[in-house]
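Participant: Got a structure for you, written out below as structure tokens; questions coming shortly.
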2 protein chains.
Amino acid sequence: MAKVTMKDVAKRAGVSVATVSNVLNNIDNKSNEVTQKKVLKAVKELNYQMDMTARSLSMGKSNLLGIFLPEVFYLDRPSSVLKDNPFFSEIVSGIEYEARMQGYDVMITCVKSDTHVKDLVNKRMLDGVAILGMHDEEFWEGIKNIPVPIVLIDSYCYDKYGFCNVGTEDEQGAYLATKHLLTLNHTNIAFVTDNSHVSEVNYQRHQGYLRAIKESGLNEEQCPVIEADLNFKGGIMAGHKLLNSYAHITAAFVVADIMALGIIKLMNQIGKSIPKDLSIIGFDDLSVCEYSFPGLTTIRQDIYRKGIEVAKLLINKINGKDGNTGIILPVELILRETTIPLTD
Amino acid sequence: MAKVTMKDVAKRAGVSVATVSNVLNNIDNKSNEVTQKKVLKAVKELNYQMDMTARSLSMGKSNLLGIFLPEVFYLDRPSSVLKDNPFFSEIVSGIEYEARMQGYDVMITCVKSDTHVKDLVNKRMLDGVAILGMHDEEFWEGIKNIPVPIVLIDSYCYDKYGFCNVGTEDEQGAYLATKHLLTLNHTNIAFVTDNSHVSEVNYQRHQGYLRAIKESGLNEEQCPVIEADLNFKGGIMAGHKLLNSYAHITAAFVVADIMALGIIKLMNQIGKSIPKDLSIIGFDDLSVCEYSFPGLTTIRQDIYRKGIEVAKLLINKINGKDGNTGIILPVELILRETTIPLTD
DNA sequence: CTGAAAGCGCTTACAG
DNA sequence: CTGAAAGCGCTTACAG
């Protein structure tokens, strides 16, 4: 069975290829009803499927969206953030879903440089791209002239480059988390964060933490910042620091669930009890929060929905619909079992 | 800056478009060295990037691989297996990596039917596709005539349809797991599996379990099969069944880590101690096994590598390289803290 | 409202 | 070894 092309449809319907193209692209009143019916009938009978490749070449757009993940290395082996970080899987999932609903396909790849991004957009005539993860200034500078819409996730400098962004109430989330601990009478609350010092997100979360601390009249000095790698192992390291150098701490707000899980694991291992010996609250509400014991109290952001918003925003921009270039999604306190009132 | 095409390169290099195409496609000795040099120089100077869309149309192949995930529903909302199941993220990660290394891009999408698959292959001129997850006979029948290579994961009937497959030593893994429990003197060992009754994989794992049981002279009858949904909640359900109806059981082999985590969670919640009250071993070695407390003893399969093998196999078939159509990856017992010798 | 024709940027026989 | 030309399957002014 040879490939069915528009030509075949045209012949069967007794019209020209141009006409088939017109009705299929819904150039509204450009064709009369009976013509339309003939064409649609032929399409169905022949089970015609539009060749997107030809269409792309002809129109200069592909109906393809790019999802670009950061390339990471783990023990010198190239790894993928999709493999090691549930956050990315979930957001990709949301993007893919919404894109599909709107008739777009998605290409997914890890990118290593701005050049890499530019090349892919050109090569595949991508209509728009979503870029996940953090990159340096050079990277953003390098891609800012790409002639298709670009949406970022959790960026605080997207408008500087003319991009769009879907973010989360980071400051407010951190404030809620800290407030929750304060409400439970904790006064020695650590802020556990990553050690890369480049994350604007975590800076914002620190601000929210500080706002709550100050508001309650506590002294900033008694509230230490503990830094480690932003992953499970980093959480374990942070736990060690907590135990060794901050014995007076009774509660911790951790900027990422995955780190919080590391702390919990360590505490369990050495026979400490969570939340009795340490109240702990995370941020994200990954599925794994529910798996852990005790279940991790955390600040929820709806990551899947975030992905959906990313796709919506991207497609709106592609269609030239103006409107917001920045969307901020709400957060919510999820109470599970890792926080408890301070009693003495 | 207008798009740089082959025409521009040709002009700059003082040759024809055909020649540019030839050297770029490495039609080995079809052009002499000096011509090649001229062309390559022009390519570099103009920063020329091949338009894959045009190339695809012309060649009838796209250098694009499709990764097709099953569409799932969760509480009536369409969901994604990528979101809820780390197994899929990890294997996708492996496929993407290897594909990229070999110069292929990947398209990822959830598919709902065989027609959907066929349409996508046509529309995008995909060179090959990897299909993850389980589907019914009708689905496989529907796609078996697709004229591009198809590789499956963990299929036991791939050759029936002329597909390829990358699988795991399921029977052997289950055997090792069960053997491990037997070695620890357990004699009342439950087999916890999914309730869909369509998974050939879990049938094989059951076989491995039975082999170990029989080999040790135990009576099959005293080794119950417990069924539940293949997810975290299902694990909790299985845990309840275990507690309510199988008090004599001292150990369990669970066909998937994610279910095992559910059981552990339940036991923790009701104050039972793992492994003292129940030894438990899973299958897969997801990252989350390490996060849980106690760390889950399990049978490891290298899922990331599985993805890599999928891509390799797919690309080999695309290039007409014959060879294996079925690859079986090894398993390994990973000892953590959820199994303990039976003492009485 | 419809169709003939040019064009999108490549590749590939084919002739030279 | 190189180039002119046709073709891949669409879309889009343009003329009718």
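For the structure tokens, the naming scheme is as follows: chains receive sequential letters (A, B, ...) according to their order of presentation, residues are indexed from 1 within each chain, and ligands are indexed from 1 in presentation order.
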So that I can check the surroundings of DA13 of chain D, please list as a ChimeraX atom specification every protein, DNA and RNA residue that reaches within 12 Å of it, counting only C-alpha atoms (C1' of nucleotides) and ignoring chain neighbours fewer than 3 positions away.

Facilitator: /A:18 /C:4-7

Participant: Would you mind aligning chain A to chain B, a least-squares fit over all C-alpha atoms taken in order, and returning the superposed chain as an mmCIF file with C-alpha atoms, in the first residue's frame?

Facilitator:
data_model
loop_
_atom_site.group_PDB
_atom_site.id
_atom_site.type_symbol
_atom_site.label_atom_id
_atom_site.label_comp_id
_atom_site.auth_asym_id
_atom_site.auth_seq_id
_atom_site.Cartn_x
_atom_site.Cartn_y
_atom_site.Cartn_z
ATOM 1 C CA MET A 1 19.546 37.170 9.308
ATOM 2 C CA ALA A 2 17.789 35.021 6.775
ATOM 3 C CA LYS A 3 18.041 31.296 6.960
ATOM 4 C CA VAL A 4 21.238 29.809 5.571
ATOM 5 C CA THR A 5 20.470 27.093 3.055
ATOM 6 C CA MET A 6 22.492 24.697 1.032
ATOM 7 C CA LYS A 7 22.207 27.099 -1.829
ATOM 8 C CA ASP A 8 24.103 29.720 0.132
ATOM 9 C CA VAL A 9 26.781 27.238 1.001
ATOM 10 C CA ALA A 10 27.040 26.150 -2.625
ATOM 11 C CA LYS A 11 27.403 29.686 -3.849
ATOM 12 C CA ARG A 12 30.078 30.524 -1.306
ATOM 13 C CA ALA A 13 32.009 27.357 -2.007
ATOM 14 C CA GLY A 14 31.644 27.819 -5.721
ATOM 15 C CA VAL A 15 30.054 24.451 -6.292
ATOM 16 C CA SER A 16 26.587 23.113 -6.930
ATOM 17 C CA VAL A 17 23.971 22.287 -4.366
ATOM 18 C CA ALA A 18 24.259 18.632 -5.312
ATOM 19 C CA THR A 19 27.915 18.669 -4.459
ATOM 20 C CA VAL A 20 27.296 20.245 -1.086
ATOM 21 C CA SER A 21 24.745 17.580 -0.392
ATOM 22 C CA ASN A 22 27.196 14.907 -1.411
ATOM 23 C CA VAL A 23 30.017 15.991 0.816
ATOM 24 C CA LEU A 24 27.719 16.634 3.750
ATOM 25 C CA ASN A 25 26.304 13.165 3.455
ATOM 26 C CA ASN A 26 29.739 11.675 3.241
ATOM 27 C CA ILE A 27 29.139 9.826 0.047
ATOM 28 C CA ASP A 28 32.675 8.752 0.554
ATOM 29 C CA ASN A 29 34.791 9.044 -2.537
ATOM 30 C CA LYS A 30 32.194 10.825 -4.522
ATOM 31 C CA SER A 31 34.014 14.119 -4.183
ATOM 32 C CA ASN A 32 37.669 14.962 -4.083
ATOM 33 C CA GLU A 33 39.409 16.392 -1.106
ATOM 34 C CA VAL A 34 39.762 19.957 -2.240
ATOM 35 C CA THR A 35 36.070 20.183 -3.026
ATOM 36 C CA GLN A 36 35.265 18.773 0.350
ATOM 37 C CA LYS A 37 37.457 21.315 2.082
ATOM 38 C CA LYS A 38 35.856 24.193 0.212
ATOM 39 C CA VAL A 39 32.407 23.036 1.154
ATOM 40 C CA LEU A 40 33.215 22.387 4.774
ATOM 41 C CA LYS A 41 34.832 25.786 5.011
ATOM 42 C CA ALA A 42 31.750 27.486 3.626
ATOM 43 C CA VAL A 43 29.561 25.512 5.983
ATOM 44 C CA LYS A 44 31.571 26.711 8.922
ATOM 45 C CA GLU A 45 31.780 30.300 7.787
ATOM 46 C CA LEU A 46 28.075 30.552 7.235
ATOM 47 C CA ASN A 47 27.282 28.460 10.268
ATOM 48 C CA TYR A 48 25.094 26.324 8.091
ATOM 49 C CA GLN A 49 22.672 23.974 9.756
ATOM 50 C CA MET A 50 21.024 21.254 7.726
ATOM 51 C CA ASP A 51 17.259 21.551 7.516
ATOM 52 C CA MET A 52 16.053 18.177 8.693
ATOM 53 C CA THR A 53 12.536 18.858 7.552
ATOM 54 C CA ALA A 54 13.539 19.218 3.933
ATOM 55 C CA ARG A 55 15.885 16.318 4.232
ATOM 56 C CA SER A 56 13.154 14.163 5.722
ATOM 57 C CA LEU A 57 10.734 14.976 2.977
ATOM 58 C CA SER A 58 13.281 14.228 0.360
ATOM 59 C CA MET A 59 14.610 11.021 1.839
ATOM 60 C CA GLY A 60 11.420 9.693 3.323
ATOM 61 C CA LYS A 61 13.074 9.364 6.696
ATOM 62 C CA SER A 62 13.340 11.787 9.537
ATOM 63 C CA ASN A 63 16.084 10.820 11.956
ATOM 64 C CA LEU A 64 13.331 10.958 14.507
ATOM 65 C CA LEU A 65 12.493 8.143 16.896
ATOM 66 C CA GLY A 66 9.120 7.826 18.583
ATOM 67 C CA ILE A 67 8.803 6.894 22.234
ATOM 68 C CA PHE A 68 5.239 5.888 22.867
ATOM 69 C CA LEU A 69 3.906 5.677 26.379
ATOM 70 C CA PRO A 70 0.599 4.193 27.411
ATOM 71 C CA GLU A 71 -2.089 6.688 28.308
ATOM 72 C CA VAL A 72 -3.373 6.182 31.787
ATOM 73 C CA PHE A 73 -6.163 7.671 33.782
ATOM 74 C CA TYR A 74 -6.091 8.532 37.404
ATOM 75 C CA LEU A 75 -9.335 9.463 39.079
ATOM 76 C CA ASP A 76 -10.811 10.050 35.633
ATOM 77 C CA ARG A 77 -8.214 12.655 34.839
ATOM 78 C CA PRO A 78 -5.900 11.738 32.038
ATOM 79 C CA SER A 79 -2.568 11.191 33.573
ATOM 80 C CA SER A 80 0.779 10.065 32.449
ATOM 81 C CA VAL A 81 2.792 7.090 33.266
ATOM 82 C CA LEU A 82 5.820 9.348 33.185
ATOM 83 C CA LYS A 83 4.386 11.221 36.088
ATOM 84 C CA ASP A 84 3.436 8.309 38.259
ATOM 85 C CA ASN A 85 5.999 5.656 37.517
ATOM 86 C CA PRO A 86 9.729 6.218 37.875
ATOM 87 C CA PHE A 87 10.387 3.154 35.748
ATOM 88 C CA PHE A 88 9.237 5.002 32.667
ATOM 89 C CA SER A 89 11.182 8.157 33.342
ATOM 90 C CA GLU A 90 14.336 6.180 33.712
ATOM 91 C CA ILE A 91 13.939 4.154 30.560
ATOM 92 C CA VAL A 92 12.977 7.205 28.536
ATOM 93 C CA SER A 93 16.083 8.836 29.854
ATOM 94 C CA GLY A 94 18.226 5.992 28.561
ATOM 95 C CA ILE A 95 16.597 5.955 25.162
ATOM 96 C CA GLU A 96 16.955 9.681 24.758
ATOM 97 C CA TYR A 97 20.609 9.562 25.701
ATOM 98 C CA GLU A 98 21.637 6.827 23.313
ATOM 99 C CA ALA A 99 19.528 8.219 20.483
ATOM 100 C CA ARG A 100 21.161 11.592 20.886
ATOM 101 C CA MET A 101 24.613 10.037 20.888
ATOM 102 C CA GLN A 102 23.799 8.443 17.566
ATOM 103 C CA GLY A 103 22.375 11.568 16.017
ATOM 104 C CA TYR A 104 18.682 10.863 16.387
ATOM 105 C CA ASP A 105 16.094 13.077 17.980
ATOM 106 C CA VAL A 106 13.189 11.656 19.907
ATOM 107 C CA MET A 107 9.537 12.467 19.954
ATOM 108 C CA ILE A 108 7.616 11.443 23.009
ATOM 109 C CA THR A 109 3.901 11.002 23.340
ATOM 110 C CA CYS A 110 1.203 8.989 25.008
ATOM 111 C CA VAL A 111 -0.742 6.830 22.609
ATOM 112 C CA LYS A 112 -4.278 5.608 22.972
ATOM 113 C CA SER A 113 -4.656 3.178 20.103
ATOM 114 C CA ASP A 114 -2.944 1.373 17.267
ATOM 115 C CA THR A 115 -4.390 3.908 14.846
ATOM 116 C CA HIS A 116 -2.818 6.662 16.829
ATOM 117 C CA VAL A 117 0.556 4.973 16.470
ATOM 118 C CA LYS A 118 0.185 4.452 12.751
ATOM 119 C CA ASP A 119 -0.881 8.033 12.198
ATOM 120 C CA LEU A 120 2.090 9.397 14.080
ATOM 121 C CA VAL A 121 4.571 7.246 12.215
ATOM 122 C CA ASN A 122 3.110 8.474 8.943
ATOM 123 C CA LYS A 123 2.691 12.079 9.896
ATOM 124 C CA ARG A 124 6.206 12.443 11.192
ATOM 125 C CA MET A 125 7.934 9.855 9.033
ATOM 126 C CA LEU A 126 9.387 8.322 12.167
ATOM 127 C CA ASP A 127 12.303 6.021 11.476
ATOM 128 C CA GLY A 128 11.470 3.692 14.308
ATOM 129 C CA VAL A 129 9.485 3.510 17.490
ATOM 130 C CA ALA A 130 9.839 2.194 21.001
ATOM 131 C CA ILE A 131 6.592 1.198 22.632
ATOM 132 C CA LEU A 132 6.439 1.055 26.408
ATOM 133 C CA GLY A 133 3.777 -0.464 28.559
ATOM 134 C CA MET A 134 1.203 -3.135 28.009
ATOM 135 C CA HIS A 135 -1.364 -3.252 25.259
ATOM 136 C CA ASP A 136 -3.932 -5.738 24.092
ATOM 137 C CA GLU A 137 -3.759 -8.100 21.163
ATOM 138 C CA GLU A 138 -5.774 -5.805 18.935
ATOM 139 C CA PHE A 139 -3.251 -3.063 19.457
ATOM 140 C CA TRP A 140 -0.302 -5.229 18.481
ATOM 141 C CA GLU A 141 -2.144 -6.683 15.524
ATOM 142 C CA GLY A 142 -2.973 -3.187 14.401
ATOM 143 C CA ILE A 143 0.593 -2.005 14.279
ATOM 144 C CA LYS A 144 2.429 -5.062 13.127
ATOM 145 C CA ASN A 145 2.449 -3.900 9.516
ATOM 146 C CA ILE A 146 3.990 -0.552 10.229
ATOM 147 C CA PRO A 147 6.944 -0.390 7.869
ATOM 148 C CA VAL A 148 9.513 0.795 10.423
ATOM 149 C CA PRO A 149 11.275 -1.108 13.183
ATOM 150 C CA ILE A 150 9.430 -1.388 16.452
ATOM 151 C CA VAL A 151 10.987 -2.335 19.737
ATOM 152 C CA LEU A 152 9.097 -3.368 22.773
ATOM 153 C CA ILE A 153 10.126 -3.539 26.394
ATOM 154 C CA ASP A 154 9.513 -6.609 28.524
ATOM 155 C CA SER A 155 7.369 -8.317 25.955
ATOM 156 C CA TYR A 156 7.103 -12.068 25.763
ATOM 157 C CA CYS A 157 5.324 -12.206 22.435
ATOM 158 C CA TYR A 158 7.253 -9.723 20.357
ATOM 159 C CA ASP A 159 8.375 -12.233 17.738
ATOM 160 C CA LYS A 160 4.818 -13.257 17.115
ATOM 161 C CA TYR A 161 4.352 -9.849 15.510
ATOM 162 C CA GLY A 162 7.821 -9.385 14.119
ATOM 163 C CA PHE A 163 8.915 -6.800 16.648
ATOM 164 C CA CYS A 164 12.107 -6.556 18.670
ATOM 165 C CA ASN A 165 12.345 -6.626 22.407
ATOM 166 C CA VAL A 166 14.528 -5.695 25.331
ATOM 167 C CA GLY A 167 13.659 -7.612 28.440
ATOM 168 C CA THR A 168 14.938 -8.686 31.803
ATOM 169 C CA GLU A 169 15.662 -12.029 33.414
ATOM 170 C CA ASP A 170 12.297 -12.055 35.102
ATOM 171 C CA GLU A 171 12.146 -15.702 36.006
ATOM 172 C CA GLN A 172 15.711 -15.746 37.229
ATOM 173 C CA GLY A 173 15.286 -12.532 39.201
ATOM 174 C CA ALA A 174 12.263 -13.913 40.981
ATOM 175 C CA TYR A 175 14.135 -17.113 41.627
ATOM 176 C CA LEU A 176 17.017 -15.191 43.190
ATOM 177 C CA ALA A 177 14.684 -13.151 45.327
ATOM 178 C CA THR A 178 12.827 -16.164 46.627
ATOM 179 C CA LYS A 179 16.013 -18.133 47.093
ATOM 180 C CA HIS A 180 17.352 -15.282 49.184
ATOM 181 C CA LEU A 181 14.357 -15.498 51.489
ATOM 182 C CA LEU A 182 14.655 -19.277 51.677
ATOM 183 C CA THR A 183 18.300 -18.982 52.558
ATOM 184 C CA LEU A 184 17.243 -16.854 55.488
ATOM 185 C CA ASN A 185 15.156 -19.820 56.654
ATOM 186 C CA HIS A 186 11.794 -18.422 55.739
ATOM 187 C CA THR A 187 9.302 -21.083 54.788
ATOM 188 C CA ASN A 188 6.118 -19.083 54.615
ATOM 189 C CA ILE A 189 6.729 -16.751 51.760
ATOM 190 C CA ALA A 190 3.991 -14.807 50.025
ATOM 191 C CA PHE A 191 4.110 -13.805 46.384
ATOM 192 C CA VAL A 192 2.681 -10.319 45.978
ATOM 193 C CA THR A 193 1.727 -9.384 42.447
ATOM 194 C CA ASP A 194 -0.605 -7.264 40.393
ATOM 195 C CA ASN A 195 -4.224 -8.101 39.863
ATOM 196 C CA SER A 196 -4.481 -7.430 36.171
ATOM 197 C CA HIS A 197 -3.686 -11.006 35.189
ATOM 198 C CA VAL A 198 -2.350 -9.877 31.848
ATOM 199 C CA SER A 199 1.283 -9.324 32.656
ATOM 200 C CA GLU A 200 3.484 -11.984 31.169
ATOM 201 C CA VAL A 201 6.329 -10.441 33.122
ATOM 202 C CA ASN A 202 4.671 -11.167 36.406
ATOM 203 C CA TYR A 203 3.737 -14.629 35.230
ATOM 204 C CA GLN A 204 7.407 -15.274 34.638
ATOM 205 C CA ARG A 205 8.272 -13.894 38.025
ATOM 206 C CA HIS A 206 5.733 -16.206 39.537
ATOM 207 C CA GLN A 207 7.400 -19.098 37.761
ATOM 208 C CA GLY A 208 10.759 -18.145 39.203
ATOM 209 C CA TYR A 209 9.224 -17.907 42.624
ATOM 210 C CA LEU A 210 7.657 -21.348 42.259
ATOM 211 C CA ARG A 211 10.895 -22.867 41.026
ATOM 212 C CA ALA A 212 12.701 -21.755 44.161
ATOM 213 C CA ILE A 213 9.851 -22.883 46.389
ATOM 214 C CA LYS A 214 9.672 -26.323 44.817
ATOM 215 C CA GLU A 215 13.404 -26.725 44.727
ATOM 216 C CA SER A 216 13.530 -26.252 48.450
ATOM 217 C CA GLY A 217 10.958 -28.966 48.944
ATOM 218 C CA LEU A 218 8.313 -26.625 50.267
ATOM 219 C CA ASN A 219 4.671 -27.096 49.616
ATOM 220 C CA GLU A 220 3.215 -24.705 47.098
ATOM 221 C CA GLU A 221 0.008 -24.546 49.041
ATOM 222 C CA GLN A 222 1.567 -22.829 51.983
ATOM 223 C CA CYS A 223 2.812 -20.037 49.745
ATOM 224 C CA PRO A 224 -0.059 -17.726 48.937
ATOM 225 C CA VAL A 225 -0.383 -15.335 46.044
ATOM 226 C CA ILE A 226 -1.610 -11.903 47.043
ATOM 227 C CA GLU A 227 -2.931 -9.568 44.395
ATOM 228 C CA ALA A 228 -3.496 -5.832 44.270
ATOM 229 C CA ASP A 229 -3.074 -2.837 41.985
ATOM 230 C CA LEU A 230 0.436 -2.383 40.740
ATOM 231 C CA ASN A 231 1.164 0.888 42.505
ATOM 232 C CA PHE A 232 1.830 2.351 45.919
ATOM 233 C CA LYS A 233 -1.794 2.210 47.036
ATOM 234 C CA GLY A 234 -1.967 -1.365 45.839
ATOM 235 C CA GLY A 235 0.972 -2.137 48.074
ATOM 236 C CA ILE A 236 -0.920 -0.818 51.056
ATOM 237 C CA MET A 237 -3.908 -2.973 50.134
ATOM 238 C CA ALA A 238 -1.679 -5.997 49.796
ATOM 239 C CA GLY A 239 -0.266 -5.238 53.219
ATOM 240 C CA HIS A 240 -3.740 -5.257 54.695
ATOM 241 C CA LYS A 241 -4.506 -8.608 53.122
ATOM 242 C CA LEU A 242 -1.267 -9.957 54.451
ATOM 243 C CA LEU A 243 -2.088 -8.859 57.973
ATOM 244 C CA ASN A 244 -5.685 -9.953 57.961
ATOM 245 C CA SER A 245 -5.543 -13.292 56.242
ATOM 246 C CA TYR A 246 -1.999 -14.578 56.318
ATOM 247 C CA ALA A 247 -0.709 -14.241 59.849
ATOM 248 C CA HIS A 248 1.738 -17.099 59.405
ATOM 249 C CA ILE A 249 3.608 -15.418 56.583
ATOM 250 C CA THR A 250 7.067 -14.204 57.567
ATOM 251 C CA ALA A 251 8.389 -12.992 54.255
ATOM 252 C CA ALA A 252 7.153 -11.621 50.949
ATOM 253 C CA PHE A 253 8.521 -11.302 47.469
ATOM 254 C CA VAL A 254 6.828 -8.379 45.759
ATOM 255 C CA VAL A 255 6.950 -8.092 41.965
ATOM 256 C CA ALA A 256 7.506 -4.334 41.982
ATOM 257 C CA ASP A 257 9.349 -1.991 44.306
ATOM 258 C CA ILE A 258 6.581 0.503 44.234
ATOM 259 C CA MET A 259 4.182 -2.019 45.776
ATOM 260 C CA ALA A 260 6.775 -3.108 48.304
ATOM 261 C CA LEU A 261 7.060 0.496 49.435
ATOM 262 C CA GLY A 262 3.330 0.534 50.068
ATOM 263 C CA ILE A 263 3.613 -2.513 52.284
ATOM 264 C CA ILE A 264 6.484 -0.998 54.214
ATOM 265 C CA LYS A 265 4.576 2.200 54.716
ATOM 266 C CA LEU A 266 1.594 0.343 56.094
ATOM 267 C CA MET A 267 3.709 -1.728 58.440
ATOM 268 C CA ASN A 268 5.431 1.362 59.732
ATOM 269 C CA GLN A 269 2.119 3.069 60.249
ATOM 270 C CA ILE A 270 0.610 0.337 62.361
ATOM 271 C CA GLY A 271 3.748 -0.048 64.383
ATOM 272 C CA LYS A 272 5.001 -3.297 62.916
ATOM 273 C CA SER A 273 8.678 -3.545 62.336
ATOM 274 C CA ILE A 274 10.314 -4.330 59.046
ATOM 275 C CA PRO A 275 12.188 -6.627 58.723
ATOM 276 C CA LYS A 276 11.537 -8.108 62.178
ATOM 277 C CA ASP A 277 7.874 -8.757 61.634
ATOM 278 C CA LEU A 278 8.123 -9.276 57.909
ATOM 279 C CA SER A 279 10.996 -9.699 55.544
ATOM 280 C CA ILE A 280 10.340 -8.135 52.194
ATOM 281 C CA ILE A 281 12.106 -8.044 48.868
ATOM 282 C CA GLY A 282 11.114 -6.111 45.767
ATOM 283 C CA PHE A 283 12.003 -6.005 42.096
ATOM 284 C CA ASP A 284 13.418 -3.165 39.963
ATOM 285 C CA ASP A 285 15.683 -1.155 42.237
ATOM 286 C CA LEU A 286 14.085 2.218 41.671
ATOM 287 C CA SER A 287 15.912 5.159 43.212
ATOM 288 C CA VAL A 288 13.190 5.372 45.824
ATOM 289 C CA CYS A 289 14.330 2.068 47.312
ATOM 290 C CA GLU A 290 17.198 3.924 48.796
ATOM 291 C CA TYR A 291 15.007 6.697 50.134
ATOM 292 C CA SER A 292 12.731 4.427 52.117
ATOM 293 C CA PHE A 293 13.422 3.313 55.635
ATOM 294 C CA PRO A 294 14.484 0.662 55.985
ATOM 295 C CA GLY A 295 16.153 0.601 52.568
ATOM 296 C CA LEU A 296 14.419 -1.929 50.360
ATOM 297 C CA THR A 297 16.245 -5.112 49.487
ATOM 298 C CA THR A 298 15.425 -5.843 45.893
ATOM 299 C CA ILE A 299 16.314 -7.386 42.561
ATOM 300 C CA ARG A 300 18.044 -4.788 40.489
ATOM 301 C CA GLN A 301 17.522 -4.325 36.829
ATOM 302 C CA ASP A 302 19.436 -1.500 35.198
ATOM 303 C CA ILE A 303 16.548 0.435 33.748
ATOM 304 C CA TYR A 304 18.641 3.242 32.348
ATOM 305 C CA ARG A 305 20.770 0.721 30.508
ATOM 306 C CA LYS A 306 17.621 -0.954 29.316
ATOM 307 C CA GLY A 307 16.695 2.294 27.633
ATOM 308 C CA ILE A 308 20.115 2.474 26.059
ATOM 309 C CA GLU A 309 19.755 -1.045 24.692
ATOM 310 C CA VAL A 310 16.344 -0.188 23.322
ATOM 311 C CA ALA A 311 17.769 2.729 21.362
ATOM 312 C CA LYS A 312 20.737 0.708 20.154
ATOM 313 C CA LEU A 313 18.568 -2.126 18.963
ATOM 314 C CA LEU A 314 16.150 0.235 17.290
ATOM 315 C CA ILE A 315 18.855 2.131 15.463
ATOM 316 C CA ASN A 316 20.580 -1.059 14.390
ATOM 317 C CA LYS A 317 17.363 -2.284 12.870
ATOM 318 C CA ILE A 318 16.813 1.041 11.181
ATOM 319 C CA ASN A 319 20.226 0.712 9.607
ATOM 320 C CA GLY A 320 19.367 -2.709 8.418
ATOM 321 C CA LYS A 321 21.863 -4.360 10.690
ATOM 322 C CA ASP A 322 20.621 -7.766 11.434
ATOM 323 C CA GLY A 323 21.374 -9.531 14.641
ATOM 324 C CA ASN A 324 19.425 -10.150 17.777
ATOM 325 C CA THR A 325 15.838 -9.154 17.859
ATOM 326 C CA GLY A 326 15.582 -10.032 21.507
ATOM 327 C CA ILE A 327 17.893 -8.901 24.270
ATOM 328 C CA ILE A 328 17.636 -10.052 27.854
ATOM 329 C CA LEU A 329 19.349 -7.989 30.520
ATOM 330 C CA PRO A 330 20.716 -9.513 33.702
ATOM 331 C CA VAL A 331 19.481 -8.986 37.231
ATOM 332 C CA GLU A 332 21.268 -8.705 40.506
ATOM 333 C CA LEU A 333 20.339 -9.112 44.148
ATOM 334 C CA ILE A 334 20.735 -5.854 46.063
ATOM 335 C CA LEU A 335 20.899 -6.334 49.783
ATOM 336 C CA ARG A 336 19.582 -3.546 51.927
ATOM 337 C CA GLU A 337 17.702 -3.736 55.173
ATOM 338 C CA THR A 338 14.312 -5.297 54.642
ATOM 339 C CA THR A 339 15.236 -8.951 54.922
ATOM 340 C CA ILE A 340 16.459 -10.774 57.991
ATOM 341 C CA PRO A 341 16.933 -14.420 58.966
ATOM 342 C CA LEU A 342 13.956 -16.106 60.529
ATOM 343 C CA THR A 343 14.554 -16.814 64.194
ATOM 344 C CA ASP A 344 12.118 -18.534 66.467
#

Participant: Residues of chain C within 10 Å of chain B, counting only C-alpha atoms (C1' of nucleotides) - could you list those as number ranges by chain?

Facilitator: C: 8-12

Participant: Could you dump the residues just selected with N, CA and C atoms (P, O5', C5', C4', C3', O3' and C1' of nucleotides) as a short mmCIF file (atom, residue, chain, number, x, y, z; two decimals), in the first residue's frame?

Facilitator:
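Once everything was written out, this is out-v7.cif:
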data_model
loop_
_atom_site.label_atom_id
_atom_site.label_comp_id
_atom_site.auth_asym_id
_atom_site.auth_seq_id
_atom_site.Cartn_x
_atom_site.Cartn_y
_atom_site.Cartn_z
P DC C 8 11.79 29.32 -2.13
"O5'" DC C 8 11.68 28.58 -0.75
"C5'" DC C 8 10.62 28.81 0.17
"C4'" DC C 8 10.49 27.59 1.05
"C3'" DC C 8 11.80 26.82 1.19
"O3'" DC C 8 12.48 27.26 2.35
"C1'" DC C 8 9.91 25.36 0.79
P DG C 9 14.05 27.74 2.23
"O5'" DG C 9 14.82 26.35 2.29
"C5'" DG C 9 14.65 25.54 3.43
"C4'" DG C 9 15.22 24.17 3.14
"C3'" DG C 9 16.67 24.17 2.63
"O3'" DG C 9 17.36 23.17 3.34
"C1'" DG C 9 15.31 22.93 1.18
P DC C 10 18.90 22.98 3.30
"O5'" DC C 10 18.93 21.39 3.45
"C5'" DC C 10 19.38 20.58 2.39
"C4'" DC C 10 18.41 19.43 2.21
"C3'" DC C 10 19.00 18.30 1.39
"O3'" DC C 10 19.47 17.30 2.27
"C1'" DC C 10 16.84 18.93 0.56
P DT C 11 20.54 16.24 1.76
"O5'" DT C 11 19.70 15.39 0.70
"C5'" DT C 11 18.74 14.46 1.15
"C4'" DT C 11 18.26 13.64 -0.03
"C3'" DT C 11 19.33 12.75 -0.67
"O3'" DT C 11 18.70 11.53 -0.99
"C1'" DT C 11 18.42 14.19 -2.31
P DT C 12 19.56 10.21 -1.19
"O5'" DT C 12 19.15 9.78 -2.65
"C5'" DT C 12 17.92 10.25 -3.20
"C4'" DT C 12 17.95 10.10 -4.71
"C3'" DT C 12 19.10 9.26 -5.26
"O3'" DT C 12 18.64 8.61 -6.44
"C1'" DT C 12 19.25 11.39 -6.16
#

Participant: Please return as a list in words: the residues of segment 105-135 of chain A that backbone DSSP assigns to alpha helix (DSSP H).

Facilitator: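 Result set for segment 105-135 of chain A (alpha helix (DSSP H)): Asp114, Thr115, His116, Val117, Lys118, Asp119, Leu120, Val121, Asn122, Lys123 and Arg124 of chain A.
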